Amino acid sequence: MPDLLHEARHRAGHNVASRRGAGSRREAKSKRGHVIAGLALPSAAAVVLVFCAGGAAVATTAKAQTSVFTQSAARGTSPHTDAKGVRLKRLEQSQAAARHTQTVEHNLAIVRAAAVARGVERKKLADVAKHEALGHSWRLPVTNPVLTSGFGYRWGQLHAGEDFAVSVGTPLPSMSTGTVIFGGAESGFGNLVEIRYWDGTISYYGHMSVVSVKVGEAVRPGQIVGQSGNTGHSTGPHLHLEIHPNGGPAVDPLPWLASHHIPA
Ligand SMILES: [Zn+2]
């Protein structure tokens, strides 16, 4: 730049001197001043251009930024909001993942609870079934039974039951779940207990020494209802057992016991 200025000044001076002669130094000096100023302008302009170039570069950058901004604005975002958008998107993804995890855990909890409930229900049903099985179980009122007289006609009369020899005072249990429908003295039966069971069958325990239940009392399988004896028309201590299916006529107890898997 200084070289350019010097050359321009020198050339201008030379040109003026060659055109107007060596006599007019003052004028030439004055002209030179204008020329210098005139020549300085392009230099200044060059500087300005440099600045302009820089400015243009800046302007270009600004324009590019404006363009980007405009494009981003067209998408509803900006470089700044883009970053914010990414953060928001990540946050949303994170929240969605958390919600998914919560849903999965919730569903698992339901499945586990349902499994537990099924287990409880199964156990409950099993208990009910067991209780019902126990409640509907049958047993003989005497242990180690000794049969002394069977069902059938004797001297023209029907012996409507089975006699089991047992000593007086032997506890007599209920054969199954049922309700006492009679308990007390009944002519030839002596002290009698009648029980209607869950299936409608009615049993008679005759010749008892003690009756320990009342009419209407509910009994469980094996529950003691009294003691064996020798009351009524009896020739010795024994239990007279009658079985009346559905409350009807008495049947031979032994086949009935066998059909109910009761060893006798
Ligand atoms: Zn008898």
# chains A, B, ... in the order shown; residues from 1 in each chain; ligands from 1
>>> residues_around(residues="Pro255 of chain A", least_positions_apart="6", cutoff="10 Å", atoms="only C-alpha atoms", output="list in words")
His261, Ile262 and Ala264 of chain A
>>> residues_around(residues="Gln227 of chain A", least_positions_apart="3", cutoff="6 Å", atoms="only C-alpha atoms", output="list of chain:residue names")
A:Gly169, A:Thr170, A:Pro171, A:Leu172, A:Met208, A:Ser209, A:Val210
>>> residues_around(residues="Asn191 of chain A", least_positions_apart="3", cutoff="8 Å", atoms="only C-alpha atoms", output="PyMOL selection string")
chain A and resi 183-186+206-211+231-232
>>> write_last_selection(atoms="C-alpha atoms", output="PDB file, in the first residue's frame")
ATOM      1  CA  GLY A 183     -83.488 -88.709  70.755  1.00  0.00           C
ATOM      2  CA  GLY A 184     -85.216 -90.552  73.618  1.00  0.00           C
ATOM      3  CA  ALA A 185     -87.160 -93.628  74.715  1.00  0.00           C
ATOM      4  CA  GLU A 186     -89.117 -95.451  71.994  1.00  0.00           C
ATOM      5  CA  GLY A 206     -81.371 -98.631  69.453  1.00  0.00           C
ATOM      6  CA  HIS A 207     -81.017 -99.954  73.049  1.00  0.00           C
ATOM      7  CA  MET A 208     -78.772 -97.032  74.087  1.00  0.00           C
ATOM      8  CA  SER A 209     -77.964 -96.389  77.738  1.00  0.00           C
ATOM      9  CA  VAL A 210     -77.314 -92.662  77.268  1.00  0.00           C
ATOM     10  CA  VAL A 211     -78.597 -90.144  74.710  1.00  0.00           C
ATOM     11  CA  THR A 231     -82.558-100.857  76.996  1.00  0.00           C
ATOM     12  CA  GLY A 232     -85.892-101.867  75.392  1.00  0.00           C
TER      13      GLY A 232
END
>>> residues_near_ligand(ligand="ligand 1", cutoff="10 Å", atoms="only C-alpha atoms and all ligand atoms", output="number ranges by chain")
A: 148-151, 159-165, 189, 205-207, 233-235, 238-242
>>> write_last_selection(atoms="C-alpha atoms", output="PDB file, in the first residue's frame")
ATOM      1  CA  THR A 148     -74.668-110.944  66.482  1.00  0.00           C
ATOM      2  CA  SER A 149     -77.920-110.770  64.551  1.00  0.00           C
ATOM      3  CA  GLY A 150     -78.566-109.796  60.945  1.00  0.00           C
ATOM      4  CA  PHE A 151     -81.361-108.145  58.996  1.00  0.00           C
ATOM      5  CA  HIS A 159     -85.594-107.731  62.348  1.00  0.00           C
ATOM      6  CA  ALA A 160     -85.113-104.447  60.468  1.00  0.00           C
ATOM      7  CA  GLY A 161     -81.496-103.853  61.432  1.00  0.00           C
ATOM      8  CA  GLU A 162     -78.097-105.258  62.288  1.00  0.00           C
ATOM      9  CA  ASP A 163     -77.015-106.013  65.866  1.00  0.00           C
ATOM     10  CA  PHE A 164     -73.440-105.254  66.939  1.00  0.00           C
ATOM     11  CA  ALA A 165     -72.324-106.621  70.294  1.00  0.00           C
ATOM     12  CA  PHE A 189     -85.995 -99.709  70.796  1.00  0.00           C
ATOM     13  CA  TYR A 205     -79.309 -96.435  67.084  1.00  0.00           C
ATOM     14  CA  GLY A 206     -81.371 -98.631  69.453  1.00  0.00           C
ATOM     15  CA  HIS A 207     -81.017 -99.954  73.049  1.00  0.00           C
ATOM     16  CA  HIS A 233     -86.425-105.392  74.026  1.00  0.00           C
ATOM     17  CA  SER A 234     -82.839-106.556  74.259  1.00  0.00           C
ATOM     18  CA  THR A 235     -81.256-109.798  75.294  1.00  0.00           C
ATOM     19  CA  HIS A 238     -75.578-104.330  71.792  1.00  0.00           C
ATOM     20  CA  LEU A 239     -76.266-101.631  69.233  1.00  0.00           C
ATOM     21  CA  HIS A 240     -79.266-102.169  67.043  1.00  0.00           C
ATOM     22  CA  LEU A 241     -78.528-100.272  63.793  1.00  0.00           C
ATOM     23  CA  GLU A 242     -81.167 -99.554  61.180  1.00  0.00           C
TER      24      GLU A 242
END
>>> select_by_dssp(residues="segment 115-252 of chain A", states="strand (DSSP E or B)", output="PyMOL selection string")
chain A and resi 147-149+152-154+157-159+162-165+171-173+178-185+191-197+202-208+210-211+218-219+224-227+229+238-244+251
>>> select_by_dssp(residues="segment 97-200 of chain A", states="alpha helix (DSSP H)", output="MDAnalysis selection string")
chainID A and resid 97:135
>>> residues_around(residues="Gly222 of chain A", least_positions_apart="6", cutoff="8 Å", atoms="only C-alpha atoms", output="ChimeraX atom specification")
/A:139,141,173-176
>>> residues_around(residues="Gly135 of chain A", least_positions_apart="2", cutoff="7 Å", atoms="only C-alpha atoms", output="list in words")
His131, Glu132, Ala133, Ser137, Ser176, Thr177, Arg220 and Pro221 of chain A
>>> closest_residue(among="A:Leu134, A:Leu140, A:Ala113, A:Val180", to="Leu254 of chain A", atoms="only C-alpha atoms")
A:Leu140
>>> atom_distance(atom1="atom CA of Val116 of chain A", atom2="atom CA of Val104 of chain A")
18.0 Å
